[in-house]
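Coordinates as given in coords12.tsv (TSV, C-alpha atoms):
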```tsv
chain	number	residue	atom	x	y	z
A	1	MET	CA	-71.92	-35.57	235.83
A	2	ARG	CA	-72.13	-33.56	232.62
A	3	ASP	CA	-71.77	-35.30	229.27
A	4	VAL	CA	-68.51	-34.05	227.71
A	5	ALA	CA	-67.10	-35.04	224.33
A	6	VAL	CA	-63.98	-34.61	222.23
A	7	VAL	CA	-65.19	-32.77	219.13
A	8	GLY	CA	-61.98	-31.61	217.45
A	9	HIS	CA	-58.30	-32.53	217.15
A	10	ALA	CA	-55.45	-30.97	215.19
A	11	GLN	CA	-51.72	-31.64	215.25
A	12	ARG	CA	-48.38	-30.85	213.64
A	13	GLN	CA	-45.33	-33.10	214.07
A	14	THR	CA	-41.85	-33.09	212.61
A	15	SER	CA	-38.42	-34.49	213.45
A	16	ARG	CA	-37.05	-30.95	213.59
A	17	PHE	CA	-38.56	-27.50	213.10
A	18	ASP	CA	-37.53	-26.20	209.69
A	19	GLY	CA	-36.24	-22.68	210.28
A	20	SER	CA	-36.89	-23.04	214.02
A	21	PRO	CA	-40.32	-21.38	214.19
A	22	THR	CA	-41.69	-20.37	217.56
A	23	MET	CA	-44.45	-22.30	219.26
A	24	VAL	CA	-46.81	-19.43	218.49
A	25	GLU	CA	-46.15	-19.91	214.77
A	26	MET	CA	-47.00	-23.59	215.09
A	27	LEU	CA	-50.09	-23.11	217.26
A	28	VAL	CA	-51.80	-20.40	215.21
A	29	PRO	CA	-52.62	-22.67	212.22
A	30	ILE	CA	-53.66	-25.47	214.59
A	31	PHE	CA	-56.17	-23.19	216.31
A	32	ALA	CA	-57.38	-21.95	212.91
A	33	GLU	CA	-57.92	-25.55	211.80
A	34	LEU	CA	-59.99	-26.29	214.89
A	35	TYR	CA	-62.10	-23.18	214.42
A	36	GLY	CA	-62.79	-24.38	210.88
A	37	THR	CA	-63.61	-28.00	211.69
A	38	THR	CA	-65.77	-27.30	214.74
A	39	GLY	CA	-67.39	-24.08	213.59
A	40	LEU	CA	-66.57	-22.52	216.95
A	41	SER	CA	-64.99	-19.08	217.20
A	42	LYS	CA	-62.56	-17.81	219.81
A	43	PRO	CA	-65.26	-16.06	221.91
A	44	GLU	CA	-67.13	-19.38	222.10
A	45	ILE	CA	-64.21	-21.13	223.83
A	46	GLY	CA	-64.95	-20.92	227.55
A	47	PHE	CA	-61.63	-22.22	228.88
A	48	TRP	CA	-58.09	-22.69	227.57
A	49	CYS	CA	-55.57	-25.06	229.12
A	50	SER	CA	-52.06	-25.89	227.93
A	51	GLY	CA	-49.41	-28.49	228.67
A	52	SER	CA	-45.71	-27.85	228.19
A	53	SER	CA	-42.46	-27.65	230.13
A	54	ASP	CA	-40.14	-24.83	231.06
A	55	TYR	CA	-37.16	-27.16	231.46
A	56	LEU	CA	-37.64	-28.42	227.89
A	57	ALA	CA	-37.92	-24.87	226.54
A	58	GLY	CA	-34.99	-23.71	228.66
A	59	ARG	CA	-36.64	-20.60	230.08
A	60	SER	CA	-39.03	-19.67	232.88
A	61	PHE	CA	-42.73	-19.23	232.15
A	62	SER	CA	-42.23	-20.24	228.53
A	63	PHE	CA	-45.88	-21.19	228.25
A	64	VAL	CA	-46.87	-17.51	228.60
A	65	GLN	CA	-45.45	-16.82	225.16
A	66	SER	CA	-47.76	-19.45	223.65
A	67	VAL	CA	-50.78	-17.48	224.87
A	68	ASP	CA	-49.97	-15.02	222.08
A	69	ALA	CA	-51.36	-17.65	219.69
A	70	ILE	CA	-54.76	-17.24	221.36
A	71	GLY	CA	-54.69	-13.46	221.03
A	72	ALA	CA	-54.21	-10.81	223.69
A	73	LEU	CA	-57.70	-9.32	223.43
A	74	PRO	CA	-60.24	-10.00	224.66
A	75	PRO	CA	-58.73	-11.70	227.74
A	76	VAL	CA	-59.40	-15.42	228.12
A	77	ASN	CA	-59.92	-17.87	230.97
A	78	GLU	CA	-56.62	-19.78	230.83
A	79	SER	CA	-54.56	-22.30	232.80
A	80	HIS	CA	-51.45	-24.47	232.36
A	81	VAL	CA	-49.98	-27.76	233.55
A	82	GLU	CA	-46.29	-28.63	233.55
A	83	MET	CA	-47.04	-32.05	232.02
A	84	ASP	CA	-48.27	-33.69	228.88
A	85	ALA	CA	-51.36	-31.88	227.65
A	86	ALA	CA	-53.44	-35.00	228.35
A	87	TRP	CA	-53.40	-33.78	231.96
A	88	ALA	CA	-54.46	-30.33	230.74
A	89	LEU	CA	-57.42	-32.10	229.15
A	90	TYR	CA	-58.23	-33.61	232.55
A	91	GLU	CA	-58.25	-30.12	234.09
A	92	ALA	CA	-60.42	-28.79	231.26
A	93	TRP	CA	-62.84	-31.70	231.68
A	94	LEU	CA	-63.13	-30.83	235.38
A	95	LYS	CA	-63.70	-27.17	234.51
A	96	ILE	CA	-66.63	-28.14	232.30
A	97	GLN	CA	-67.97	-30.42	235.04
A	98	THR	CA	-68.21	-27.43	237.38
A	99	GLY	CA	-70.73	-25.87	235.01
A	100	GLU	CA	-68.68	-22.68	234.65
A	101	VAL	CA	-68.07	-23.29	230.92
A	102	ASP	CA	-69.46	-25.46	228.13
A	103	THR	CA	-66.37	-25.59	225.91
A	104	ALA	CA	-62.62	-25.83	226.32
A	105	LEU	CA	-59.61	-25.83	224.01
A	106	VAL	CA	-56.66	-27.88	225.25
A	107	TYR	CA	-53.25	-27.62	223.63
A	108	GLY	CA	-49.69	-28.79	224.13
A	109	PHE	CA	-46.31	-28.17	222.55
A	110	GLY	CA	-42.64	-29.04	222.86
A	111	LYS	CA	-39.42	-28.68	220.89
A	112	SER	CA	-37.37	-31.76	221.74
A	113	SER	CA	-34.67	-31.16	219.14
A	114	ALA	CA	-33.44	-27.95	220.82
A	115	GLY	CA	-31.25	-29.93	223.22
A	116	THR	CA	-30.26	-33.47	224.17
A	117	LEU	CA	-33.64	-34.86	225.16
A	118	ARG	CA	-32.48	-37.95	227.03
A	119	ARG	CA	-30.33	-35.72	229.25
A	120	THR	CA	-32.91	-32.95	229.62
A	121	LEU	CA	-35.52	-35.41	230.90
A	122	ALA	CA	-33.21	-36.41	233.75
A	123	LEU	CA	-34.39	-33.15	235.35
A	124	GLN	CA	-37.71	-34.79	236.20
A	125	PHE	CA	-36.00	-37.00	238.80
A	126	ASP	CA	-35.52	-36.10	242.46
A	127	PRO	CA	-33.06	-33.15	242.45
A	128	ILE	CA	-31.20	-34.30	245.57
A	129	THR	CA	-30.55	-38.00	245.13
A	130	MET	CA	-31.10	-38.84	241.45
A	131	THR	CA	-30.72	-35.91	239.05
A	132	PRO	CA	-27.02	-35.41	240.02
A	133	LEU	CA	-26.42	-38.91	238.58
A	134	TRP	CA	-28.05	-37.85	235.27
A	135	PRO	CA	-29.90	-41.13	234.64
A	136	ASP	CA	-31.02	-40.54	231.05
A	137	THR	CA	-34.40	-41.79	229.90
A	138	VAL	CA	-33.11	-44.29	227.32
A	139	SER	CA	-30.80	-45.96	229.84
A	140	VAL	CA	-33.58	-46.13	232.45
A	141	ALA	CA	-35.88	-47.72	229.86
A	142	ALA	CA	-33.11	-50.14	228.93
A	143	VAL	CA	-32.85	-51.23	232.59
A	144	GLN	CA	-36.62	-51.75	232.60
A	145	ALA	CA	-36.47	-53.77	229.37
A	146	ARG	CA	-33.57	-55.93	230.66
A	147	LEU	CA	-35.42	-56.72	233.88
A	148	GLY	CA	-38.45	-57.84	231.88
A	149	LEU	CA	-36.35	-60.04	229.61
A	150	GLU	CA	-34.58	-61.71	232.52
A	151	GLN	CA	-37.87	-62.29	234.35
A	152	GLY	CA	-39.48	-63.76	231.25
A	153	ALA	CA	-42.13	-61.02	231.07
A	154	TRP	CA	-41.42	-60.50	227.35
A	155	THR	CA	-38.91	-61.43	224.65
A	156	GLU	CA	-36.86	-59.45	222.17
A	157	ARG	CA	-39.03	-60.87	219.38
A	158	GLU	CA	-42.19	-59.60	221.08
A	159	MET	CA	-40.59	-56.16	221.32
A	160	ALA	CA	-39.71	-56.28	217.62
A	161	GLU	CA	-43.24	-57.35	216.74
A	162	VAL	CA	-44.56	-54.25	218.51
A	163	VAL	CA	-42.20	-52.07	216.48
A	164	HIS	CA	-43.02	-53.77	213.17
A	165	ARG	CA	-46.77	-53.41	213.68
A	166	SER	CA	-46.50	-49.80	214.86
A	167	LEU	CA	-44.34	-48.62	211.97
A	168	SER	CA	-46.46	-50.49	209.44
A	169	ASP	CA	-49.62	-48.83	210.79
A	170	ALA	CA	-47.86	-45.45	210.73
A	171	GLU	CA	-47.75	-45.60	206.94
A	172	SER	CA	-51.27	-44.15	206.94
A	173	ASN	CA	-50.39	-41.38	209.41
A	174	GLU	CA	-49.27	-38.25	207.60
A	175	TYR	CA	-47.75	-36.84	210.78
A	176	ALA	CA	-45.59	-39.86	211.63
A	177	VAL	CA	-41.89	-39.03	211.83
A	178	ARG	CA	-40.88	-42.68	211.47
A	179	LYS	CA	-42.88	-45.21	209.44
A	180	GLY	CA	-42.61	-48.42	207.43
A	181	GLY	CA	-39.51	-50.51	207.68
A	182	SER	CA	-38.36	-54.07	207.79
A	183	SER	CA	-39.54	-57.47	208.88
A	184	VAL	CA	-39.32	-58.65	212.46
A	185	ASP	CA	-36.20	-60.69	211.68
A	186	GLU	CA	-34.51	-57.70	210.05
A	187	LEU	CA	-35.34	-55.53	213.06
A	188	LEU	CA	-33.77	-58.11	215.39
A	189	ALA	CA	-30.62	-58.15	213.26
A	190	ARG	CA	-29.99	-54.45	213.81
A	191	PRO	CA	-27.30	-53.36	216.34
A	192	MET	CA	-28.00	-52.47	219.94
A	193	PHE	CA	-28.42	-48.83	220.88
A	194	SER	CA	-28.69	-49.13	224.65
A	195	ASP	CA	-28.71	-52.86	225.38
A	196	PRO	CA	-31.26	-54.46	225.10
A	197	LEU	CA	-32.88	-51.60	223.18
A	198	ARG	CA	-32.28	-50.95	219.51
A	199	LYS	CA	-32.96	-47.53	218.05
A	200	HIS	CA	-36.32	-48.61	216.67
A	201	ASP	CA	-37.37	-49.67	220.20
A	202	CYS	CA	-37.13	-46.01	221.27
A	203	ALA	CA	-39.49	-43.23	220.23
A	204	PRO	CA	-37.94	-40.79	217.73
A	205	ILE	CA	-37.05	-37.24	218.72
A	206	THR	CA	-40.10	-35.25	217.66
A	207	ASP	CA	-41.05	-31.58	217.72
A	208	GLY	CA	-44.68	-30.67	217.58
A	209	ALA	CA	-47.90	-29.21	218.90
A	210	ALA	CA	-51.48	-30.39	219.10
A	211	ALA	CA	-54.87	-29.24	220.34
A	212	ILE	CA	-58.24	-30.75	221.24
A	213	VAL	CA	-61.65	-29.14	221.66
A	214	LEU	CA	-64.01	-30.38	224.39
A	215	ALA	CA	-67.70	-29.54	224.46
A	216	ALA	CA	-70.60	-30.41	226.73
A	217	GLY	CA	-74.08	-31.70	225.94
A	218	ASP	CA	-76.00	-29.90	223.22
A	219	VAL	CA	-72.95	-27.85	222.23
A	220	ALA	CA	-71.09	-31.05	221.33
A	221	ARG	CA	-74.09	-32.33	219.36
A	222	ARG	CA	-74.25	-29.06	217.47
A	223	VAL	CA	-70.55	-29.12	216.61
A	224	THR	CA	-70.45	-32.67	215.23
A	225	ASP	CA	-72.80	-35.50	214.32
A	226	ARG	CA	-70.58	-38.06	216.08
A	227	PRO	CA	-69.11	-36.68	219.31
A	228	ALA	CA	-66.57	-38.91	221.05
A	229	TRP	CA	-68.18	-38.86	224.49
A	230	ILE	CA	-65.78	-39.21	227.42
A	231	THR	CA	-67.21	-42.01	229.56
A	232	GLY	CA	-64.23	-42.56	231.86
A	233	LEU	CA	-61.15	-40.61	232.91
A	234	ALA	CA	-58.63	-41.59	235.58
A	235	HIS	CA	-54.97	-41.08	236.38
A	236	ARG	CA	-52.59	-42.49	238.99
A	237	VAL	CA	-48.93	-42.06	239.95
A	238	ASP	CA	-46.20	-44.43	241.16
A	239	PRO	CA	-43.23	-43.44	243.38
A	240	LEU	CA	-40.59	-41.43	241.59
A	241	HIS	CA	-37.58	-43.33	242.94
A	242	LEU	CA	-36.81	-46.27	240.68
A	243	GLY	CA	-35.72	-48.52	243.54
A	244	SER	CA	-39.08	-48.23	245.27
A	245	ARG	CA	-41.11	-50.04	242.57
A	246	ASN	CA	-40.96	-53.08	240.35
A	247	LEU	CA	-40.14	-51.63	236.93
A	248	VAL	CA	-41.54	-54.68	235.10
A	249	GLU	CA	-44.98	-53.71	236.40
A	250	SER	CA	-46.95	-50.46	236.45
A	251	PRO	CA	-49.29	-50.36	239.46
A	252	SER	CA	-50.46	-46.85	238.55
A	253	ALA	CA	-51.48	-47.99	235.06
A	254	ARG	CA	-53.24	-51.02	236.51
A	255	SER	CA	-55.12	-48.91	239.05
A	256	ALA	CA	-56.15	-46.24	236.56
A	257	ALA	CA	-57.35	-48.84	234.05
A	258	ALA	CA	-59.27	-50.70	236.78
A	259	ALA	CA	-61.16	-47.51	237.59
A	260	LEU	CA	-62.73	-47.57	234.11
A	261	ASP	CA	-65.09	-49.91	232.29
A	262	LEU	CA	-62.95	-51.36	229.49
A	263	ASP	CA	-65.45	-54.00	228.34
A	264	GLY	CA	-66.11	-53.59	224.65
A	265	VAL	CA	-63.06	-51.45	223.87
A	266	GLN	CA	-62.20	-51.95	220.21
A	267	VAL	CA	-59.27	-49.56	219.74
A	268	ALA	CA	-56.59	-48.50	222.23
A	269	GLU	CA	-54.08	-45.71	221.67
A	270	LEU	CA	-51.33	-46.35	224.22
A	271	HIS	CA	-48.58	-43.83	224.87
A	272	ALA	CA	-45.58	-46.19	224.98
A	273	PRO	CA	-42.30	-44.38	224.14
A	274	PHE	CA	-40.45	-47.74	224.23
A	275	SER	CA	-41.55	-50.99	222.63
A	276	HIS	CA	-41.60	-53.06	225.82
A	277	GLN	CA	-43.73	-50.44	227.56
A	278	GLU	CA	-46.63	-51.23	225.23
A	279	LEU	CA	-46.42	-54.82	226.45
A	280	ILE	CA	-46.57	-53.62	230.06
A	281	LEU	CA	-49.55	-51.37	229.38
A	282	ARG	CA	-51.48	-54.03	227.49
A	283	ARG	CA	-51.03	-56.45	230.38
A	284	GLU	CA	-51.90	-53.93	233.10
A	285	ALA	CA	-55.03	-52.79	231.25
A	286	GLY	CA	-56.02	-56.37	230.45
A	287	LEU	CA	-56.34	-55.75	226.72
A	288	GLY	CA	-56.89	-58.85	224.62
A	289	ASP	CA	-55.77	-59.67	221.10
A	290	ASP	CA	-59.13	-58.48	219.78
A	291	VAL	CA	-58.23	-54.86	220.62
A	292	SER	CA	-56.48	-52.87	217.88
A	293	VAL	CA	-53.54	-51.12	219.55
A	294	ASN	CA	-52.01	-47.90	218.19
A	295	PRO	CA	-53.44	-47.92	214.64
A	296	SER	CA	-51.88	-44.46	214.28
A	297	GLY	CA	-48.41	-45.91	214.87
A	298	GLY	CA	-48.25	-44.60	218.42
A	299	ALA	CA	-45.25	-43.02	220.10
A	300	LEU	CA	-42.77	-45.26	218.27
A	301	ALA	CA	-43.76	-43.41	215.08
A	302	SER	CA	-43.70	-39.92	216.58
A	303	ASN	CA	-43.40	-38.70	220.16
A	304	PRO	CA	-43.64	-34.91	220.53
A	305	MET	CA	-42.94	-34.10	224.15
A	306	PHE	CA	-45.95	-32.88	226.15
A	307	THR	CA	-48.22	-33.56	223.18
A	308	ALA	CA	-47.92	-37.29	222.47
A	309	GLY	CA	-50.35	-38.23	225.23
A	310	LEU	CA	-52.90	-35.67	224.04
A	311	ASN	CA	-52.51	-37.05	220.52
A	312	ARG	CA	-53.40	-40.53	221.78
A	313	ILE	CA	-56.75	-39.10	222.93
A	314	GLY	CA	-57.25	-37.31	219.63
A	315	GLU	CA	-56.29	-40.34	217.53
A	316	ALA	CA	-58.63	-42.57	219.53
A	317	ALA	CA	-61.46	-40.06	219.16
A	318	ARG	CA	-60.98	-40.11	215.38
A	319	ARG	CA	-61.98	-43.79	215.37
A	320	VAL	CA	-65.32	-42.80	216.89
A	321	TRP	CA	-65.76	-39.90	214.48
A	322	ASP	CA	-65.15	-42.02	211.38
A	323	GLY	CA	-67.39	-44.84	212.65
A	324	SER	CA	-64.64	-47.50	212.73
A	325	ALA	CA	-65.13	-48.01	216.49
A	326	GLN	CA	-67.91	-47.47	218.99
A	327	LYS	CA	-65.73	-47.58	222.13
A	328	VAL	CA	-62.07	-46.60	222.38
A	329	LEU	CA	-59.37	-46.24	225.01
A	330	ALA	CA	-56.62	-43.61	225.13
A	331	HIS	CA	-53.60	-43.50	227.42
A	332	ALA	CA	-50.92	-40.97	228.32
A	333	THR	CA	-47.79	-41.35	230.42
A	334	SER	CA	-45.36	-38.97	232.05
A	335	GLY	CA	-42.26	-39.36	234.17
A	336	PRO	CA	-39.60	-42.10	233.98
A	337	ALA	CA	-40.47	-45.74	233.24
A	338	LEU	CA	-44.26	-45.28	233.13
A	339	GLN	CA	-44.35	-43.49	236.47
A	340	GLN	CA	-47.59	-41.57	235.83
A	341	ASN	CA	-50.49	-42.88	233.76
A	342	LEU	CA	-53.80	-41.52	232.55
A	343	PHE	CA	-56.55	-43.53	230.85
A	344	CYS	CA	-59.59	-42.18	229.03
A	345	THR	CA	-62.50	-44.08	227.47
A	346	MET	CA	-64.67	-42.54	224.75
A	347	GLU	CA	-67.83	-43.88	223.19
A	348	GLU	CA	-70.19	-43.12	220.36
A	349	ASN	CA	-73.19	-43.04	222.69
A	350	VAL	CA	-73.70	-41.95	226.31
```

Encoded form (structure tokens):
Amino acid sequence: MRDVAVVGHAQRQTSRFDGSPTMVEMLVPIFAELYGTTGLSKPEIGFWCSGSSDYLAGRSFSFVQSVDAIGALPPVNESHVEMDAAWALYEAWLKIQTGEVDTALVYGFGKSSAGTLRRTLALQFDPITMTPLWPDTVSVAAVQARLGLEQGAWTEREMAEVVHRSLSDAESNEYAVRKGGSSVDELLARPMFSDPLRKHDCAPITDGAAAIVLAAGDVARRVTDRPAWITGLAHRVDPLHLGSRNLVESPSARSAAAALDLDGVQVAELHAPFSHQELILRREAGLGDDVSVNPSGGALASNPMFTAGLNRIGEAARRVWDGSAQKVLAHATSGPALQQNLFCTMEENV
């Protein structure tokens, strides 16, 4: 296996696009920032891979337009996944493992505010038996949260504690859409949004784009003094139909985490769009109280569709770059109620 590291990360996040710029207009400065921080130029990027969604954009092959941000000439080696860009990173990592390229630039983007997100995401269900019922994501998450409460898997106070910690940590994140706030008791006093979820239990609607640069071996060492070496990468999927799995658990998260060596993890960036889902992920990954979870604020502070998972990898890598952690864990999810899960470990040394 080749040694591959995360050597660059850039992002832009906002509650709504001011003036409704195109994704190309958002990606161009992100790419320019990565060229500047890594010292790499466009011809030195061996592979490009993006993550986005046509049903979110509302038009077919919408990702093709984003390729304009790369530049039409010279032609590039490019691919795309219809998922969070964390899965595009997985494809790029595999591409580097083949030995065909030494570098890759992975990017994702999504404009959630263009429509009604909780309704749009119902399109990811089975089109024959479930989508016609339009089970929106917030209501599905509320069912999951209610089941956990009734089974004693967590309490409303524990959910509020997750929110309070996340939004407090988000104060130091310049890209956070939601940050700061009240005490746990004040959060519990707020009205229900979709019982038993309050609005702060749900990730905010977020528009945004992000990109990560991967590099192998000596190239990574040349780009940065502290590469965040990828030492483990695994993803699993649970059945799509909600009635075929126990929503209080996440077997796919448990299996993906078990495939990695999590001993010594100091920081974990978990992609949990709802407060109770962080509790599920912590349990399934076996993370103890000594692990700092979502110091960036996580998805409860900002959740750009098809980018939030990639940002968890980038935010975790930053802890290696700045020397605050030697081993970190990043997680991304896709699909309803934690249906699909990807885990990635990164370390200072390989």

Practice problem: One decimal, Å: what's the distance from CA of Thr307 (chain A) over to CA of Val64 (chain A), could you say? | Solution: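 Interatomic distance, CA of Thr307 (chain A) to CA of Val64 (chain A): 17.0 Å.
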
Quiz item: Pick from A:Gly309, A:Gly208, A:Pro227, A:Pro75: nearest to Lys111 (chain A), with all atoms listed in the file counted?
Solution: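 Comparing A:Gly309, A:Gly208, A:Pro227, A:Pro75 against Lys111 (chain A), the winner is A:Gly208.
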
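Here CA of Thr231 (chain A) stands at a distance of 18.3 Å from CA of Asp322 (chain A).
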
Quiz item: When you draw a straight line from CA of Gly232 (chain A) to CA of Met1 (chain A), how long is it in Å?
Solution: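 Spanning CA of Gly232 (chain A) to CA of Met1 (chain A) is a straight-line distance of 11.1 Å.
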
Quiz item: Looking at all atoms listed in the file, which of A:Ile96, A:Leu117, A:Val293, A:Ala160 is the one that sits closest to Arg190 (chain A)?
Solution: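 Nearest to Arg190 (chain A): A:Ala160.
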
Exercise. Identify which of the residues A:Ser50, A:Gln13, A:Thr137, A:Gln266 lies closest to Gln326 (chain A), counting only C-alpha atoms when measuring atom-to-atom distances.
Key: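 For Gln326 (chain A), the nearest of the candidates is A:Gln266.
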
Self-check item: From A:Ala176, A:Ala337, A:Val28, A:Val223, residue lying nearest Glu278 (chain A) [all atoms listed in the file]
Solution: A:Ala337

Find the spatial neighbours of Leu342 (chain A), counting only C-alpha atoms, within a cut-off of 6 Å - ignore same-chain residues fewer than 5 positions away - and output them as a PDB file with C-alpha atoms, in the frame of the given file.
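Now in around_27.pdb:
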```
ATOM      1  CA  ALA A 234     -58.630 -41.590 235.580  1.00  0.00           C
ATOM      2  CA  HIS A 235     -54.970 -41.080 236.380  1.00  0.00           C
ATOM      3  CA  HIS A 331     -53.600 -43.500 227.420  1.00  0.00           C
ATOM      4  CA  ALA A 332     -50.920 -40.970 228.320  1.00  0.00           C
TER       5      ALA A 332
END
```

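Each of A:Arg283, A:His276, A:Arg312, A:Arg318 was compared to Thr155 (chain A) using only C-alpha atoms, and A:His276 turns out to be the nearest.
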
Quiz item: Residues at most 12 Å from Thr98 (chain A), counting all atoms listed in the file, excluding those fewer than 4 positions away in the same chain, as JSON, numbers by chain?
Solution: {"A": [1, 2, 3, 4, 47, 91, 92, 93, 94, 102, 103, 216]}

Practice problem: Measuring atom to atom with all atoms listed in the file, identify which of A:Gly108, A:Gly314, A:Gly180, A:Gly99 is nearest to Asp207 (chain A). | Solution: A:Gly108

Self-check item: Exercise: Leu279 (chain A) partners within 10 Å, all atoms listed in the file, chain neighbours under 5 positions left out, as a PyMOL selection string
Solution: chain A and resi 153-154+158-159+162+248+272+274+284+287

Quiz item: Excluding same-chain residues fewer than 6 positions from region 296-304 of chain A, what lies within 10 Å of it counting all atoms listed in the file, as a ChimeraX atom specification?
Solution: /A:12-15,84,108-113,162-180,200-210,268-275,278,310-312,315-316

Quiz prompt | Residues near Pro132 (chain A), cut-off 10 Å, only C-alpha atoms, skip fewer than 6 positions along chain, as a list in words | solution = Ala122, Leu123, Phe125 and Asp126 of chain A

Quiz item: Around (-68.4, -30.4, 219.6) in the file's frame, which residues reach within 9 Å when counting all atoms listed in the file? Return as a ChimeraX atom specification?
Solution: /A:4-8,38-40,103,213-228

Take region 112-128 of chain A, model N, CA, C and O atoms, and hand the result over as a PDB file, in the coordinates of the input.
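Result saved to rebuild24.pdb:
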```pdb
ATOM      1  N   SER A 112     -38.346 -30.824 221.184  1.00  0.00           N
ATOM      2  CA  SER A 112     -37.370 -31.760 221.740  1.00  0.00           C
ATOM      3  C   SER A 112     -35.992 -31.620 221.115  1.00  0.00           C
ATOM      4  O   SER A 112     -34.983 -31.925 221.752  1.00  0.00           O
ATOM      5  N   SER A 113     -35.939 -31.178 219.861  1.00  0.00           N
ATOM      6  CA  SER A 113     -34.670 -31.160 219.140  1.00  0.00           C
ATOM      7  C   SER A 113     -33.762 -30.005 219.560  1.00  0.00           C
ATOM      8  O   SER A 113     -32.623 -29.917 219.106  1.00  0.00           O
ATOM      9  N   ALA A 114     -34.253 -29.109 220.423  1.00  0.00           N
ATOM     10  CA  ALA A 114     -33.440 -27.950 220.820  1.00  0.00           C
ATOM     11  C   ALA A 114     -32.263 -28.334 221.693  1.00  0.00           C
ATOM     12  O   ALA A 114     -31.294 -27.593 221.805  1.00  0.00           O
ATOM     13  N   GLY A 115     -32.336 -29.491 222.346  1.00  0.00           N
ATOM     14  CA  GLY A 115     -31.250 -29.930 223.220  1.00  0.00           C
ATOM     15  C   GLY A 115     -31.077 -31.429 223.120  1.00  0.00           C
ATOM     16  O   GLY A 115     -31.518 -32.058 222.162  1.00  0.00           O
ATOM     17  N   THR A 116     -30.409 -32.014 224.101  1.00  0.00           N
ATOM     18  CA  THR A 116     -30.260 -33.470 224.170  1.00  0.00           C
ATOM     19  C   THR A 116     -31.366 -34.003 225.057  1.00  0.00           C
ATOM     20  O   THR A 116     -31.283 -33.939 226.291  1.00  0.00           O
ATOM     21  N   LEU A 117     -32.418 -34.530 224.431  1.00  0.00           N
ATOM     22  CA  LEU A 117     -33.640 -34.860 225.160  1.00  0.00           C
ATOM     23  C   LEU A 117     -33.402 -35.864 226.280  1.00  0.00           C
ATOM     24  O   LEU A 117     -33.902 -35.685 227.399  1.00  0.00           O
ATOM     25  N   ARG A 118     -32.649 -36.916 226.016  1.00  0.00           N
ATOM     26  CA  ARG A 118     -32.480 -37.950 227.030  1.00  0.00           C
ATOM     27  C   ARG A 118     -31.765 -37.414 228.268  1.00  0.00           C
ATOM     28  O   ARG A 118     -31.945 -37.930 229.370  1.00  0.00           O
ATOM     29  N   ARG A 119     -30.992 -36.350 228.100  1.00  0.00           N
ATOM     30  CA  ARG A 119     -30.330 -35.720 229.250  1.00  0.00           C
ATOM     31  C   ARG A 119     -31.269 -34.694 229.906  1.00  0.00           C
ATOM     32  O   ARG A 119     -31.337 -34.617 231.128  1.00  0.00           O
ATOM     33  N   THR A 120     -31.987 -33.952 229.089  1.00  0.00           N
ATOM     34  CA  THR A 120     -32.910 -32.950 229.620  1.00  0.00           C
ATOM     35  C   THR A 120     -33.956 -33.589 230.525  1.00  0.00           C
ATOM     36  O   THR A 120     -34.298 -33.059 231.590  1.00  0.00           O
ATOM     37  N   LEU A 121     -34.464 -34.755 230.130  1.00  0.00           N
ATOM     38  CA  LEU A 121     -35.520 -35.410 230.900  1.00  0.00           C
ATOM     39  C   LEU A 121     -35.035 -35.962 232.235  1.00  0.00           C
ATOM     40  O   LEU A 121     -35.853 -36.331 233.081  1.00  0.00           O
ATOM     41  N   ALA A 122     -33.719 -35.997 232.440  1.00  0.00           N
ATOM     42  CA  ALA A 122     -33.210 -36.410 233.750  1.00  0.00           C
ATOM     43  C   ALA A 122     -33.601 -35.392 234.827  1.00  0.00           C
ATOM     44  O   ALA A 122     -33.597 -35.707 236.016  1.00  0.00           O
ATOM     45  N   LEU A 123     -33.993 -34.183 234.404  1.00  0.00           N
ATOM     46  CA  LEU A 123     -34.390 -33.150 235.350  1.00  0.00           C
ATOM     47  C   LEU A 123     -35.716 -33.455 236.030  1.00  0.00           C
ATOM     48  O   LEU A 123     -36.098 -32.774 236.983  1.00  0.00           O
ATOM     49  N   GLN A 124     -36.446 -34.467 235.545  1.00  0.00           N
ATOM     50  CA  GLN A 124     -37.710 -34.790 236.200  1.00  0.00           C
ATOM     51  C   GLN A 124     -37.522 -35.733 237.401  1.00  0.00           C
ATOM     52  O   GLN A 124     -38.482 -36.041 238.105  1.00  0.00           O
ATOM     53  N   PHE A 125     -36.284 -36.171 237.628  1.00  0.00           N
ATOM     54  CA  PHE A 125     -36.000 -37.000 238.800  1.00  0.00           C
ATOM     55  C   PHE A 125     -35.849 -36.135 240.060  1.00  0.00           C
ATOM     56  O   PHE A 125     -35.784 -34.908 239.979  1.00  0.00           O
ATOM     57  N   ASP A 126     -35.754 -36.798 241.204  1.00  0.00           N
ATOM     58  CA  ASP A 126     -35.520 -36.100 242.460  1.00  0.00           C
ATOM     59  C   ASP A 126     -34.218 -35.305 242.368  1.00  0.00           C
ATOM     60  O   ASP A 126     -33.167 -35.868 242.039  1.00  0.00           O
ATOM     61  N   PRO A 127     -34.251 -33.991 242.651  1.00  0.00           N
ATOM     62  CA  PRO A 127     -33.060 -33.150 242.450  1.00  0.00           C
ATOM     63  C   PRO A 127     -31.938 -33.392 243.440  1.00  0.00           C
ATOM     64  O   PRO A 127     -30.807 -32.952 243.199  1.00  0.00           O
ATOM     65  N   ILE A 128     -32.220 -34.090 244.539  1.00  0.00           N
ATOM     66  CA  ILE A 128     -31.200 -34.300 245.570  1.00  0.00           C
ATOM     67  C   ILE A 128     -30.449 -35.606 245.359  1.00  0.00           C
ATOM     68  O   ILE A 128     -29.213 -35.641 245.379  1.00  0.00           O
TER      69      ILE A 128
END
```
